[in-house]
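> One structure, pasted below without further comment.
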Amino acid sequence: MSTVTAGSVPITHIYYPHNAATPIRFAAEELCRYLQVSLGVNLMLGEGMAERGSFFLTTPELTEEASDVVGSFPDRQYDRCAIAAHDGVVWLVGENPRSVLYAVYDLLREKLGASFFAPGPEHEVVPQADQLSFGDNEILVRGSAFALRDYGGSFSAELIDFTTKNRLNLVIASDYHDVPLAEIRRRGLLLRGPGHIWARLLPDESLFNEHPEYFPLQDGERKPNGRTACFSNPEVRRIFRENLRAYLREFPHWDIFAFWAEDTQDPYYCSCPDCAQMSLPDWYVLLVNEAAEVLAEELPHAHLEFIGYHGTREVPTRKWHLFENGQRMLFDFCGGYTRDIYHPLATGTGGSAKVYGMYRNWLEYLEEIGFQGQRLLMEYYNLCEWPNQGPRGRALLWPLEVIREDTQAYLQDGWDGLSDWFCQQRQCFPSPFYVWAWLQFYTDPTITVEALKDTFYPSYFGSVGEAVREYMDVLEDTMHARTSAENLEQVRALAARLEAIPDPGDAQIERRLRTLRIHHEYCVLLKEIFLAFIGGDAAQWNALEQPFRDFFEVTHREALASELIQCPPNWAHTWYDWLANGTRGQLETLVQDDTLH
């Protein structure tokens, strides 16, 4: 049997304090489970003290001695933890219960070479080892660069497990039914939501006949629209607050209550003379303040999130005093859905100039009004898949160097958290590298893309990892090059590189290579479609529509069942859908853009 030692002392037990919180107990179970997988050892597990010959999982709050063993945690990091061998005990100490769980996963990565590349055990790598040893007084200290780290999308227990193993701490959901709450709580994560909630808070449409004045005036006529109301009417805001109160009593488990207006670029706010006295962002902040008062009464532990999105990307015209100076608020700027995603935001290329101006305006506005809450930046790199980014984006070859540079800038500008609307529960096409690497920047934005490749390719593709890495590097360059007949042939020719990769002698790695071959087929199809479009070859364009629409859902559905959840991936049909909706002129204009390929 394999052994675990601290100095010369064999480790046989895993202990935690008797009053340890659920995440600490779960962390002990995870440590026990993965040590059995990697080393084949079965350590005794339960409540106890920091005895020689044991792992001991705790926080300084539970065990005063822990601070003496691990010392102080580094400044300007979050969810900090330490792994320290001292006098025959291996201490796993977190600054909070959730951080103790991170300490377990950090130990598995640092000491055993484990990696958690995507949701599901088939996308984890846990090497077999003969021994796990800790030197006398050895210590590892880890933390994350951002306080709030979120993966936006449709959640499952499997996805929650994956994101936690990669040090994310927020789960966003549109309702409790979207996520397994028990899995969130046992990991000590924060639950954020519900987001676009206003339809549940507005006066009911049944009141329209008796009280048409409650509803927005649009084009000279009052009518319900399910998105807004006549907010200059005090009775409307009273109903709005009481509906909010009722909602919070029905769903009291939010840690961050996301108070977002409905998701529409044209919100049809009321245009009556009284409502017209203030701008849309000003009305929004007024409602934010009133909602914050209700939240403080109903869920005093929770924070209220307000959002710079669509009509509220512009700052208010008035200098508002936020409820309690915003101490229990989170501002979420979501301006980037109209930016150029293939260059850093601050460069101001394409639509980024306008977005960056709004970004800077909000930073200045919050400082001017003395905002004392937290700030979160939500990105939309997944929109690389929209038609205005060409075939390179639609191949899910996302610009990691841009993401890294943006992340460093956001940290320098003082943002407390990062999020992105990833959308997918699992995205391993062409491999999990892009999503996994992206998440690593949330903890360490200084890590290089090449260093991440050094970890990923040999771990995920084994003996053929270097050959796959070389292929992917060339594929990225070729897909990012401007589309032409010559470029299309260059993409096609890369099939030979794939076929030249030797047999890995491993069925799982062979499946992963099969996914790369399917992805290459997709890349060729995308270039063919785009070349037909820019060349005005209507017959070829039309002939390729069905193969494009069938690619994920019919042709390769079975082969990609464990790689893509949901299937098809977001935006899979948009090129042809945009044309069906009469937007060819917009696409033709975009084709002339130097940033489109």
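Chain identifiers are assigned as A, B, and so on, following the order in which chains appear in the structure tokens; residues are numbered from 1 within each chain, and ligands are numbered from 1 in order of appearance.
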Just the strand (DSSP E) stuff from stretch 64-256 of chain A, please, per backbone DSSP, written as a VMD selection string.
chain A and resid 78 to 86 89 to 94 115 to 116 124 to 125 131 to 134 139 to 144 148 to 153 170 to 172 190 to 196 217 to 218 221 to 222 256
> Counting only C-alpha atoms, what is within 10 Å of stretch 539-548 of chain A, bar same-chain residues fewer than 2 positions away, as a list in words?
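Selected residues are Tyr522, Leu525, Leu526, Glu528, Ile529, Phe530, Leu531, Ala532, Phe533, Ile534, Gly535, Gly536, Asp537, Asp550, Phe551, Phe552, Glu553, Val554, Thr555, Ala572, His573, Trp575 and Tyr576 of chain A.
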> So which bits of stretch 104-202 of chain A end up alpha helix (DSSP H) when you DSSP the backbone, as an MDAnalysis selection string?
chainID A and resid 104:112 157:165 181:186
> Go through A:Ile11, A:Leu159, A:Leu418, A:Val37 and flag the residue nearest A:Val179, using only C-alpha atoms for the distances.
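Answer, going by the shortest atom-to-atom distance: A:Leu159.
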> Smallest atom-to-atom distance to A:Ile24: which of A:Glu250, A:Glu95, A:Asp282, A:Glu65, using only C-alpha atoms?
A:Glu95
> From the set A:Arg187, A:Lys527, A:His177, A:Arg142, which residue has the shortest atom-to-atom contact distance to A:Asn487, counting only C-alpha atoms?
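Closest candidate: A:Lys527.
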> Looking at A:Ser144, A:Asn325, A:Gln218, A:Ser174, which one is nearest to A:Phe259, with distances taken over only C-alpha atoms?
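Between A:Ser144, A:Asn325, A:Gln218, A:Ser174, the residue approaching A:Phe259 most closely is A:Ser174.
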> Using only C-alpha atoms, tabulate the residues of stretch 391-446 of chain A lying at most 10 Å from any atom of stretch 556-560 of chain A, each with its closest atom pair and that distance in Å to one decimal, by chain and increasing residue number, as JSON lines.

```
{"residue": "A:Gln427", "atom": "CA", "partner": "A:Leu560", "partner_atom": "CA", "distance": 9.9}
{"residue": "A:Cys428", "atom": "CA", "partner": "A:Leu560", "partner_atom": "CA", "distance": 8.8}
{"residue": "A:Phe429", "atom": "CA", "partner": "A:Leu560", "partner_atom": "CA", "distance": 8.2}
```
